[in-house]
$ cat start.txt   # compact mmCIF, C-alpha atoms and all ligand atoms
# COMPACT_ATOMS: atom_id res chain seq x y z
CA MET G 122 -77.69 -123.48 58.02
CA ILE G 123 -74.77 -124.17 55.65
CA GLU G 124 -75.52 -127.36 53.68
CA ASP G 125 -72.72 -127.20 51.13
CA ILE G 126 -69.22 -125.78 51.10
CA THR G 127 -67.87 -125.39 47.58
CA LEU G 128 -64.13 -125.04 47.12
CA VAL G 129 -63.09 -123.36 43.85
CA THR G 130 -59.41 -123.84 42.98
CA GLY G 131 -57.98 -121.40 40.44
CA GLY G 132 -60.29 -118.86 42.08
CA THR G 133 -57.95 -115.98 41.19
CA GLY G 134 -57.90 -116.83 37.45
CA LEU G 135 -60.04 -115.87 34.46
CA VAL G 136 -62.69 -118.55 35.01
CA GLY G 137 -62.50 -118.52 38.83
CA ARG G 138 -63.16 -114.77 38.99
CA ALA G 139 -66.12 -115.20 36.62
CA VAL G 140 -67.61 -117.94 38.82
CA GLN G 141 -67.16 -115.63 41.81
CA GLU G 142 -69.02 -112.82 39.99
CA VAL G 143 -71.89 -115.16 39.09
CA ILE G 144 -72.17 -116.48 42.66
CA GLU G 145 -71.98 -113.01 44.24
CA ALA G 146 -74.69 -111.70 41.89
CA ALA G 147 -77.18 -114.23 43.34
CA PRO G 148 -75.76 -115.79 46.51
CA PRO G 149 -77.27 -119.29 46.87
CA GLN G 150 -79.03 -120.00 50.17
CA GLY G 151 -77.36 -122.48 52.52
CA GLN G 152 -74.11 -122.54 50.59
CA LYS G 153 -70.64 -121.25 51.26
CA TRP G 154 -68.25 -120.71 48.35
CA VAL G 155 -64.50 -120.49 48.97
CA PHE G 156 -62.27 -119.23 46.13
CA VAL G 157 -58.55 -119.98 46.43
CA GLY G 158 -55.39 -119.18 44.45
CA SER G 159 -51.81 -120.40 44.62
CA LYS G 160 -51.09 -118.23 47.68
CA ASP G 161 -53.66 -120.23 49.67
CA ALA G 162 -52.17 -123.62 48.79
CA ASP G 163 -49.70 -125.13 46.36
CA LEU G 164 -51.87 -127.82 44.82
CA THR G 165 -48.84 -129.61 43.36
CA ASN G 166 -47.93 -130.40 46.97
CA TYR G 167 -49.98 -133.05 48.80
CA GLU G 168 -49.39 -131.66 52.33
CA SER G 169 -50.31 -128.12 51.27
CA THR G 170 -53.47 -129.38 49.51
CA LYS G 171 -54.36 -131.52 52.53
CA ALA G 172 -54.04 -128.51 54.84
CA LEU G 173 -56.36 -126.56 52.52
CA PHE G 174 -58.99 -129.35 52.62
CA GLU G 175 -58.72 -129.50 56.42
CA ARG G 176 -59.26 -125.72 56.64
CA VAL G 177 -62.14 -125.49 54.16
CA ARG G 178 -63.80 -128.93 54.65
CA PRO G 179 -65.47 -128.81 51.19
CA THR G 180 -68.48 -130.88 50.24
CA GLN G 181 -68.10 -129.93 46.54
CA VAL G 182 -65.03 -128.93 44.52
CA LEU G 183 -64.71 -127.00 41.26
CA HIS G 184 -61.11 -127.62 40.22
CA LEU G 185 -60.06 -124.83 37.85
CA ALA G 186 -56.41 -124.41 38.85
CA ALA G 187 -53.94 -125.47 36.19
CA PHE G 188 -50.45 -124.78 34.98
CA VAL G 189 -51.27 -123.04 31.68
CA GLY G 190 -49.27 -121.15 29.10
CA GLY G 191 -48.86 -120.15 25.48
CA LEU G 192 -47.52 -122.18 22.57
CA PHE G 193 -43.82 -121.51 23.18
CA ALA G 194 -43.96 -122.26 26.91
CA ASN G 195 -45.85 -125.50 26.10
CA MET G 196 -43.19 -126.54 23.57
CA GLU G 197 -40.26 -125.70 25.86
CA TYR G 198 -41.51 -127.00 29.24
CA LYS G 199 -43.42 -130.19 28.36
CA VAL G 200 -42.25 -131.98 31.52
CA GLN G 201 -43.46 -129.15 33.80
CA PHE G 202 -46.84 -128.93 31.99
CA TRP G 203 -47.26 -132.68 32.40
CA ARG G 204 -46.03 -132.97 35.97
CA LYS G 205 -47.59 -129.90 37.63
CA ASN G 206 -51.01 -130.63 36.17
CA ILE G 207 -50.82 -134.36 37.02
CA LEU G 208 -49.77 -133.58 40.60
CA MET G 209 -52.53 -130.98 41.06
CA GLN G 210 -55.32 -133.17 39.74
CA ASP G 211 -54.08 -136.26 41.58
CA ASN G 212 -53.88 -134.39 44.91
CA ILE G 213 -57.34 -132.94 44.35
CA MET G 214 -58.86 -136.35 43.58
CA VAL G 215 -57.16 -138.16 46.47
CA LEU G 216 -58.28 -135.48 48.92
CA CYS G 217 -61.81 -135.30 47.53
CA HIS G 218 -62.00 -139.04 48.10
CA GLU G 219 -60.48 -138.86 51.60
CA HIS G 220 -62.92 -136.08 52.57
CA GLY G 221 -65.98 -137.75 51.04
CA VAL G 222 -66.56 -134.81 48.67
CA LYS G 223 -69.95 -135.34 46.99
CA LYS G 224 -69.12 -133.76 43.64
CA LEU G 225 -65.93 -132.80 41.80
CA VAL G 226 -65.89 -130.97 38.47
CA SER G 227 -62.50 -130.52 36.78
CA CYS G 228 -61.65 -128.61 33.65
CA LEU G 229 -60.18 -129.99 30.41
CA SER G 230 -59.53 -128.05 27.22
CA THR G 231 -60.19 -128.64 23.52
CA CYS G 232 -56.43 -129.00 22.96
CA VAL G 233 -56.68 -132.46 24.59
CA PHE G 234 -58.34 -133.75 21.40
CA PRO G 235 -56.33 -135.74 18.82
CA ASP G 236 -54.33 -133.69 16.34
CA LYS G 237 -55.70 -135.73 13.43
CA THR G 238 -59.46 -135.99 13.78
CA THR G 239 -62.75 -135.42 12.03
CA TYR G 240 -64.93 -132.35 12.72
CA PRO G 241 -66.97 -131.46 14.61
CA ILE G 242 -65.09 -132.98 17.53
CA ASP G 243 -67.20 -134.38 20.35
CA GLU G 244 -66.76 -135.80 23.86
CA THR G 245 -66.30 -139.39 22.63
CA MET G 246 -63.13 -138.60 20.64
CA ILE G 247 -60.69 -137.50 23.36
CA HIS G 248 -58.56 -140.65 23.41
CA ASN G 249 -58.72 -141.47 19.68
CA GLY G 250 -55.14 -140.50 18.78
CA PRO G 251 -52.17 -138.40 19.94
CA PRO G 252 -52.69 -134.69 20.65
CA HIS G 253 -50.63 -132.08 18.77
CA PRO G 254 -46.97 -132.61 19.80
CA SER G 255 -46.52 -128.92 20.69
CA ASN G 256 -48.67 -129.22 23.85
CA GLU G 257 -48.54 -132.94 24.57
CA GLY G 258 -47.43 -132.45 28.21
CA TYR G 259 -50.53 -130.38 29.05
CA ALA G 260 -52.87 -132.42 26.82
CA TYR G 261 -51.91 -135.87 28.13
CA ALA G 262 -52.08 -134.64 31.74
CA LYS G 263 -55.58 -133.24 31.16
CA ARG G 264 -56.73 -136.38 29.31
CA LEU G 265 -55.92 -138.36 32.44
CA VAL G 266 -58.47 -136.30 34.40
CA ASP G 267 -61.10 -138.10 32.35
CA VAL G 268 -59.47 -141.51 32.97
CA GLN G 269 -59.15 -140.80 36.72
CA ASN G 270 -62.80 -139.67 36.93
CA ARG G 271 -64.00 -142.94 35.44
CA MET G 272 -61.74 -145.03 37.68
CA TYR G 273 -62.92 -143.26 40.88
CA ASN G 274 -66.48 -143.73 39.68
CA SER G 275 -66.02 -147.43 38.88
CA GLN G 276 -64.10 -148.35 42.06
CA TYR G 277 -65.66 -146.03 44.65
CA GLY G 278 -68.85 -144.71 43.01
CA CYS G 279 -67.52 -141.11 43.17
CA ASN G 280 -69.42 -138.37 41.35
CA TYR G 281 -66.38 -136.82 39.63
CA THR G 282 -66.65 -135.36 36.14
CA SER G 283 -65.06 -132.86 33.77
CA VAL G 284 -66.04 -130.06 31.42
CA ILE G 285 -64.35 -129.02 28.18
CA PRO G 286 -64.60 -125.30 27.36
CA THR G 287 -63.55 -123.90 23.98
CA ASN G 288 -61.64 -120.57 23.75
CA ILE G 289 -62.50 -118.53 26.85
CA PHE G 290 -62.19 -114.75 27.18
CA GLY G 291 -63.36 -112.07 29.59
CA LYS G 292 -62.42 -109.85 32.49
CA HIS G 293 -59.34 -110.84 34.55
CA ASP G 294 -57.81 -112.69 31.57
CA ASN G 295 -54.08 -112.80 30.88
CA PHE G 296 -53.49 -109.88 28.45
CA ASN G 297 -49.73 -110.42 28.14
CA LEU G 298 -48.69 -109.89 24.51
CA LYS G 299 -46.35 -112.91 24.44
CA ASP G 300 -48.37 -115.70 26.01
CA SER G 301 -52.03 -114.68 25.96
CA HIS G 302 -54.88 -116.24 23.99
CA VAL G 303 -56.30 -114.58 20.82
CA ILE G 304 -58.87 -112.14 22.23
CA PRO G 305 -56.94 -110.72 25.22
CA GLY G 306 -53.82 -110.44 23.02
CA LEU G 307 -55.73 -108.51 20.34
CA ILE G 308 -57.37 -106.24 22.93
CA HIS G 309 -53.98 -105.30 24.36
CA LYS G 310 -52.51 -104.78 20.86
CA CYS G 311 -55.39 -102.56 19.80
CA TYR G 312 -55.08 -100.53 23.02
CA LEU G 313 -51.35 -99.93 22.35
CA ALA G 314 -51.95 -99.11 18.65
CA GLN G 315 -54.56 -96.54 19.67
CA LYS G 316 -52.19 -94.94 22.19
CA ALA G 317 -49.32 -94.82 19.68
CA GLY G 318 -51.53 -93.67 16.76
CA GLU G 319 -50.35 -96.70 14.74
CA PRO G 320 -52.25 -99.29 12.65
CA PHE G 321 -53.77 -102.25 14.53
CA THR G 322 -51.97 -105.18 12.90
CA ILE G 323 -53.32 -108.72 13.18
CA MET G 324 -50.99 -111.67 12.47
CA GLY G 325 -52.25 -113.83 9.58
CA THR G 326 -55.22 -113.43 7.23
CA GLY G 327 -57.89 -113.12 9.94
CA LYS G 328 -59.80 -115.96 8.24
CA PRO G 329 -59.42 -118.84 10.75
CA LEU G 330 -62.60 -119.64 12.66
CA ARG G 331 -62.93 -120.19 16.41
CA GLN G 332 -65.66 -120.83 18.98
CA PHE G 333 -65.27 -118.28 21.77
CA ILE G 334 -67.11 -118.45 25.07
CA TYR G 335 -67.50 -115.48 27.41
CA SER G 336 -66.16 -116.29 30.89
CA LEU G 337 -69.46 -115.29 32.57
CA ASP G 338 -71.46 -117.68 30.32
CA LEU G 339 -68.95 -120.42 31.07
CA ALA G 340 -69.18 -119.67 34.79
CA LYS G 341 -72.98 -120.13 34.73
CA LEU G 342 -72.53 -123.45 32.88
CA MET G 343 -69.88 -124.58 35.37
CA VAL G 344 -72.21 -123.88 38.29
CA TRP G 345 -74.92 -125.84 36.44
CA ALA G 346 -72.49 -128.75 35.89
CA LEU G 347 -71.63 -128.78 39.58
CA ARG G 348 -75.32 -128.96 40.52
CA GLU G 349 -76.94 -130.93 37.74
CA TYR G 350 -74.51 -132.79 35.47
CA ASN G 351 -73.93 -136.26 36.88
CA GLU G 352 -72.20 -138.31 34.15
CA PRO G 353 -68.51 -139.18 34.75
CA ASP G 354 -67.91 -138.55 31.03
CA PRO G 355 -66.95 -135.01 30.02
CA ILE G 356 -69.21 -132.41 28.46
CA ILE G 357 -68.15 -129.70 25.99
CA LEU G 358 -69.22 -126.22 27.15
CA SER G 359 -69.32 -124.04 24.06
CA VAL G 360 -71.37 -122.05 21.63
CA GLY G 361 -72.40 -124.20 18.66
CA PRO G 362 -70.57 -124.65 15.33
CA GLU G 363 -73.05 -122.13 13.84
CA ASP G 364 -71.54 -119.45 16.10
CA GLU G 365 -67.92 -119.90 15.01
CA VAL G 366 -66.42 -116.51 14.21
CA ALA G 367 -63.48 -115.41 12.07
CA ILE G 368 -60.48 -113.91 13.92
CA GLY G 369 -60.78 -110.90 11.57
CA ASP G 370 -64.36 -110.22 12.71
CA VAL G 371 -63.25 -110.48 16.32
CA ALA G 372 -60.46 -107.95 15.65
CA ARG G 373 -62.94 -105.54 14.04
CA SER G 374 -65.30 -105.95 16.98
CA ILE G 375 -62.44 -105.13 19.38
CA ALA G 376 -61.53 -102.03 17.31
CA ARG G 377 -65.18 -100.84 17.51
CA ALA G 378 -65.36 -101.46 21.26
CA MET G 379 -62.08 -99.59 21.73
CA ASP G 380 -63.34 -96.77 19.47
CA PHE G 381 -60.15 -97.29 17.46
CA GLN G 382 -60.21 -94.94 14.46
CA GLY G 383 -56.95 -96.05 12.76
CA GLU G 384 -56.27 -98.71 10.13
CA VAL G 385 -57.01 -102.39 10.90
CA ARG G 386 -54.37 -104.34 8.97
CA PHE G 387 -53.85 -108.09 8.40
CA ASP G 388 -50.28 -109.38 8.00
CA ALA G 389 -50.85 -112.36 5.69
CA THR G 390 -47.11 -113.18 5.71
CA LYS G 391 -47.58 -114.54 9.26
CA ALA G 392 -48.89 -118.05 9.97
CA ASP G 393 -52.64 -118.54 10.45
CA GLY G 394 -52.57 -121.68 12.59
CA GLN G 395 -55.27 -124.31 12.19
CA PHE G 396 -58.15 -123.03 10.01
CA LYS G 397 -60.79 -124.36 12.38
CA LYS G 398 -61.23 -126.82 15.24
CA THR G 399 -65.01 -127.00 15.35
CA ALA G 400 -66.44 -128.61 18.50
CA SER G 401 -69.99 -129.92 18.84
CA ASN G 402 -72.15 -128.59 21.67
CA ALA G 403 -74.95 -131.09 20.91
CA LYS G 404 -74.58 -132.81 24.31
CA LEU G 405 -74.87 -129.49 26.14
CA ARG G 406 -77.90 -128.59 24.01
CA ARG G 407 -79.58 -131.88 24.95
CA TYR G 408 -79.30 -130.89 28.63
CA LEU G 409 -79.86 -127.13 28.24
CA PRO G 410 -81.68 -126.41 24.98
CA GLY G 411 -82.66 -122.90 26.09
CA PHE G 412 -79.31 -121.60 27.42
CA LYS G 413 -78.65 -118.16 25.94
CA PHE G 414 -75.04 -117.17 25.25
CA THR G 415 -74.05 -113.50 25.47
CA ASP G 416 -73.75 -111.85 22.05
CA ILE G 417 -70.03 -111.85 21.20
CA ASP G 418 -69.91 -108.11 20.43
CA ASP G 419 -71.48 -107.34 23.83
CA ALA G 420 -69.06 -109.69 25.59
CA ILE G 421 -66.08 -108.14 23.79
CA GLY G 422 -67.42 -104.68 24.70
CA GLU G 423 -67.58 -105.60 28.42
CA THR G 424 -64.08 -107.12 28.30
CA VAL G 425 -62.56 -104.09 26.54
CA ALA G 426 -64.23 -101.71 29.03
CA TRP G 427 -62.85 -103.78 31.93
CA PHE G 428 -59.36 -103.86 30.40
CA LYS G 429 -59.29 -100.07 29.90
CA ALA G 430 -60.53 -99.41 33.44
CA ASN G 431 -58.08 -101.91 34.99
CA TYR G 432 -55.02 -101.50 32.78
CA ALA G 433 -52.73 -100.73 35.71
CA SER G 434 -53.59 -103.93 37.60
CA ALA G 435 -54.48 -106.32 34.73
CA ARG G 436 -52.18 -109.21 33.84
CA THR G 437 -50.23 -107.55 31.02
N1 LIG G 501 -58.33 -119.75 29.17
C1 LIG G 501 -58.77 -120.60 28.25
O1 LIG G 501 -59.02 -120.22 27.09
C2 LIG G 501 -59.01 -122.05 28.61
C3 LIG G 501 -59.52 -122.89 27.60
C4 LIG G 501 -59.80 -124.21 27.93
C5 LIG G 501 -59.60 -124.68 29.22
N2 LIG G 501 -59.09 -123.85 30.17
C6 LIG G 501 -58.93 -124.41 31.53
O2 LIG G 501 -59.77 -123.65 32.40
C7 LIG G 501 -59.23 -123.67 33.72
C8 LIG G 501 -59.13 -122.25 34.24
O3 LIG G 501 -58.28 -121.54 33.36
P1 LIG G 501 -58.04 -119.96 33.47
O4 LIG G 501 -57.94 -119.45 32.07
O5 LIG G 501 -59.00 -119.38 34.44
O6 LIG G 501 -56.55 -119.95 34.08
P2 LIG G 501 -55.74 -118.72 34.68
O7 LIG G 501 -56.47 -117.45 34.53
O8 LIG G 501 -54.36 -118.83 34.11
O9 LIG G 501 -55.69 -119.12 36.21
C9 LIG G 501 -54.96 -120.23 36.66
C10 LIG G 501 -55.31 -120.46 38.09
O10 LIG G 501 -54.59 -121.61 38.59
C11 LIG G 501 -53.98 -121.26 39.83
N3 LIG G 501 -52.77 -122.08 40.00
C12 LIG G 501 -51.77 -122.28 39.13
N4 LIG G 501 -50.82 -123.07 39.67
C13 LIG G 501 -51.25 -123.38 40.93
C14 LIG G 501 -50.72 -124.16 42.00
N5 LIG G 501 -49.54 -124.80 41.89
N6 LIG G 501 -51.43 -124.25 43.14
C15 LIG G 501 -52.61 -123.62 43.27
N7 LIG G 501 -53.18 -122.87 42.31
C16 LIG G 501 -52.51 -122.75 41.14
C17 LIG G 501 -53.65 -119.78 39.69
O11 LIG G 501 -53.44 -119.20 40.96
P3 LIG G 501 -52.69 -117.75 41.16
O12 LIG G 501 -53.19 -116.83 40.08
O13 LIG G 501 -53.14 -117.32 42.51
O14 LIG G 501 -51.23 -118.02 41.02
C18 LIG G 501 -54.92 -119.27 39.01
O15 LIG G 501 -55.95 -119.07 39.94
C19 LIG G 501 -57.88 -124.39 33.63
O16 LIG G 501 -58.06 -125.72 34.07
C20 LIG G 501 -57.55 -124.36 32.15
O17 LIG G 501 -56.76 -125.45 31.77
C21 LIG G 501 -58.79 -122.54 29.91
$ encode --input "start.txt" --output "structure tokens"
Amino acid sequence: MIEDITLVTGGTGLVGRAVQEVIEAAPPQGQKWVFVGSKDADLTNYESTKALFERVRPTQVLHLAAFVGGLFANMEYKVQFWRKNILMQDNIMVLCHEHGVKKLVSCLSTCVFPDKTTYPIDETMIHNGPPHPSNEGYAYAKRLVDVQNRMYNSQYGCNYTSVIPTNIFGKHDNFNLKDSHVIPGLIHKCYLAQKAGEPFTIMGTGKPLRQFIYSLDLAKLMVWALREYNEPDPIILSVGPEDEVAIGDVARSIARAMDFQGEVRFDATKADGQFKKTASNAKLRRYLPGFKFTDIDDAIGETVAWFKANYASART
């Protein structure tokens, strides 16, 4: 007998595909999981979202869909980043409420945190000051997920919450050279440098530090949050500050995984970006002290192997 129907929005994306892989590896008894992308419903549209809820009849929702993009897109289309994300999350919350959904987990991002802050950042600091102006449309929209969760909890007793992942990477990522995140961008660059017999050039000094999380680790933590995490307040899903890695080390790991024999070069004339944005995972560790993250070199190895095998169909 099916006891729970879990709807995963953003099911065609980096995180959604990872959740699907985790669920398919050990299908839970008495549960049906439905993964949807933008072809199944336009979540910015209430009627389309309503029709999806009527088709699927979810008892739980993992809301991963978002209008996301790189730095330049965020700077140029602030209104669209604000509006599309606000509409999606509002439609999801209204319909979860109308359908009596038992649990809703939505996804924030570390770029919602104030631009000027102290480190390590933690879950209590989200609303302490304005986000960086470059992505304020996206950041303010996502911050309101947290506000909406608390309001639905206070007025209706809803079990809605949010998670905050740090930099995610893995199979099915966006590897486009213009608007991808660090790791998929470097993987694609290294692949092209190897093909052309040219140096693998990394923008900046390679010294900035970041906390990367493998999409499959994040997927396991998201499934845990859906089942076990019952605070309306958000929780950061990340490796700890002790596992921050330098971009340069990541680039060298990618070159090894690619078996790239050429020169790895750093172009220090290019901007480095923020030196670090350390996030605390102390709250996660209080809940799951024993959770084991995949070694970053192994995770990069799996991602590079996937990218090479799926180059023709990957998002490039
Ligand atoms: N990637 C990161 O490093 C990172 C870091 C922190 C937080 N996050 C958050 O994590 C979540 C998942 O991100 P991701 O990296 O997996 O994103 P992604 O790979 O870019 O996937 C985005 C997903 O959203 C769906 N989508 C976009 N617009 C839609 C619409 N109007 N209606 C319905 N579906 C729509 C897309 O559907 P189609 O592909 O079918 O069009 C796709 O499944 C997002 O909430 C994001 O903000 C990501």
$ residues_near_point --input "start.txt" --point "(-55.5, -109.7, 4.9)" --cutoff "7 Å" --atoms "only C-alpha atoms" --output "compact mmCIF listing (two decimals) with C-alpha atoms, in the coordinates of the input"
# COMPACT_ATOMS: atom_id res chain seq x y z
CA THR G 326 -55.22 -113.43 7.23
CA GLY G 327 -57.89 -113.12 9.94
CA ARG G 386 -54.37 -104.34 8.97
CA PHE G 387 -53.85 -108.09 8.40
CA ASP G 388 -50.28 -109.38 8.00
CA ALA G 389 -50.85 -112.36 5.69
$ residues_around --input "start.txt" --residues "Phe174 of chain G" --least-positions-apart "4" --cutoff "12 Å" --atoms "only C-alpha atoms" --output "ChimeraX atom specification"
/G:126-130,155,157,161-164,167-170,178-182,212-222
$ residues_near_ligand --input "start.txt" --ligand "ligand LIG 501 (chain G)" --cutoff "7 Å" --atoms "only C-alpha atoms and all ligand atoms" --output "tab-separated table (two decimals) with C-alpha atoms, in the coordinates of the input"
chain	number	residue	atom	x	y	z
G	130	THR	CA	-59.41	-123.84	42.98
G	131	GLY	CA	-57.98	-121.40	40.44
G	132	GLY	CA	-60.29	-118.86	42.08
G	133	THR	CA	-57.95	-115.98	41.19
G	134	GLY	CA	-57.90	-116.83	37.45
G	135	LEU	CA	-60.04	-115.87	34.46
G	136	VAL	CA	-62.69	-118.55	35.01
G	137	GLY	CA	-62.50	-118.52	38.83
G	158	GLY	CA	-55.39	-119.18	44.45
G	159	SER	CA	-51.81	-120.40	44.62
G	160	LYS	CA	-51.09	-118.23	47.68
G	162	ALA	CA	-52.17	-123.62	48.79
G	163	ASP	CA	-49.70	-125.13	46.36
G	164	LEU	CA	-51.87	-127.82	44.82
G	165	THR	CA	-48.84	-129.61	43.36
G	185	LEU	CA	-60.06	-124.83	37.85
G	186	ALA	CA	-56.41	-124.41	38.85
G	187	ALA	CA	-53.94	-125.47	36.19
G	188	PHE	CA	-50.45	-124.78	34.98
G	189	VAL	CA	-51.27	-123.04	31.68
G	205	LYS	CA	-47.59	-129.90	37.63
G	209	MET	CA	-52.53	-130.98	41.06
G	228	CYS	CA	-61.65	-128.61	33.65
G	229	LEU	CA	-60.18	-129.99	30.41
G	230	SER	CA	-59.53	-128.05	27.22
G	231	THR	CA	-60.19	-128.64	23.52
G	285	ILE	CA	-64.35	-129.02	28.18
G	286	PRO	CA	-64.60	-125.30	27.36
G	287	THR	CA	-63.55	-123.90	23.98
G	288	ASN	CA	-61.64	-120.57	23.75
G	289	ILE	CA	-62.50	-118.53	26.85
G	290	PHE	CA	-62.19	-114.75	27.18
G	294	ASP	CA	-57.81	-112.69	31.57
G	295	ASN	CA	-54.08	-112.80	30.88
G	302	HIS	CA	-54.88	-116.24	23.99
$ closest_residue --input "start.txt" --among "G:Gly258, G:Tyr281, G:Asp393, G:Ala378" --to "Gly325 of chain G" --atoms "only C-alpha atoms"
G:Asp393
$ atom_distance --input "start.txt" --atom1 "atom CA of Met343 of chain G" --atom2 "atom CA of Arg406 of chain G"
14.5 Å
$ decode --input "start.txt" --residues "segment 257-298 of chain G" --atoms "C-alpha atoms" --output "PDB file, in the first residue's frame"
ATOM      1  CA  GLU G 257      19.661  40.613  -4.683  1.00  0.00           C
ATOM      2  CA  GLY G 258      16.658  39.514  -6.801  1.00  0.00           C
ATOM      3  CA  TYR G 259      17.418  35.807  -6.244  1.00  0.00           C
ATOM      4  CA  ALA G 260      18.613  36.283  -2.644  1.00  0.00           C
ATOM      5  CA  TYR G 261      15.619  38.287  -1.403  1.00  0.00           C
ATOM      6  CA  ALA G 262      13.189  35.886  -3.104  1.00  0.00           C
ATOM      7  CA  LYS G 263      14.879  32.903  -1.423  1.00  0.00           C
ATOM      8  CA  ARG G 264      15.023  34.650   1.968  1.00  0.00           C
ATOM      9  CA  LEU G 265      11.251  34.930   1.839  1.00  0.00           C
ATOM     10  CA  VAL G 266      10.973  31.120   1.698  1.00  0.00           C
ATOM     11  CA  ASP G 267      12.168  31.175   5.298  1.00  0.00           C
ATOM     12  CA  VAL G 268       9.698  33.938   6.240  1.00  0.00           C
ATOM     13  CA  GLN G 269       6.817  32.112   4.505  1.00  0.00           C
ATOM     14  CA  ASN G 270       7.709  28.820   6.237  1.00  0.00           C
ATOM     15  CA  ARG G 271       7.500  30.445   9.649  1.00  0.00           C
ATOM     16  CA  MET G 272       4.220  32.202   8.837  1.00  0.00           C
ATOM     17  CA  TYR G 273       2.558  28.971   7.589  1.00  0.00           C
ATOM     18  CA  ASN G 274       3.830  27.252  10.722  1.00  0.00           C
ATOM     19  CA  SER G 275       2.578  29.980  13.064  1.00  0.00           C
ATOM     20  CA  GLN G 276      -0.862  30.440  11.453  1.00  0.00           C
ATOM     21  CA  TYR G 277      -1.680  26.901  10.278  1.00  0.00           C
ATOM     22  CA  GLY G 278       0.826  24.650  12.088  1.00  0.00           C
ATOM     23  CA  CYS G 279       2.325  23.523   8.736  1.00  0.00           C
ATOM     24  CA  ASN G 280       5.521  21.474   8.751  1.00  0.00           C
ATOM     25  CA  TYR G 281       7.350  23.521   6.091  1.00  0.00           C
ATOM     26  CA  THR G 282      11.100  24.065   6.283  1.00  0.00           C
ATOM     27  CA  SER G 283      14.161  24.855   4.193  1.00  0.00           C
ATOM     28  CA  VAL G 284      17.715  23.653   3.676  1.00  0.00           C
ATOM     29  CA  ILE G 285      20.767  25.708   2.711  1.00  0.00           C
ATOM     30  CA  PRO G 286      23.380  23.832   0.655  1.00  0.00           C
ATOM     31  CA  THR G 287      26.819  25.300  -0.054  1.00  0.00           C
ATOM     32  CA  ASN G 288      28.433  24.900  -3.526  1.00  0.00           C
ATOM     33  CA  ILE G 289      26.941  21.792  -5.140  1.00  0.00           C
ATOM     34  CA  PHE G 290      28.534  19.767  -7.948  1.00  0.00           C
ATOM     35  CA  GLY G 291      27.990  16.391  -9.579  1.00  0.00           C
ATOM     36  CA  LYS G 292      26.517  14.529 -12.515  1.00  0.00           C
ATOM     37  CA  HIS G 293      23.833  16.341 -14.577  1.00  0.00           C
ATOM     38  CA  ASP G 294      25.225  19.764 -13.586  1.00  0.00           C
ATOM     39  CA  ASN G 295      25.241  22.767 -15.915  1.00  0.00           C
ATOM     40  CA  PHE G 296      28.705  22.638 -17.583  1.00  0.00           C
ATOM     41  CA  ASN G 297      28.172  25.723 -19.754  1.00  0.00           C
ATOM     42  CA  LEU G 298      31.389  27.765 -19.813  1.00  0.00           C
TER      43      LEU G 298
END
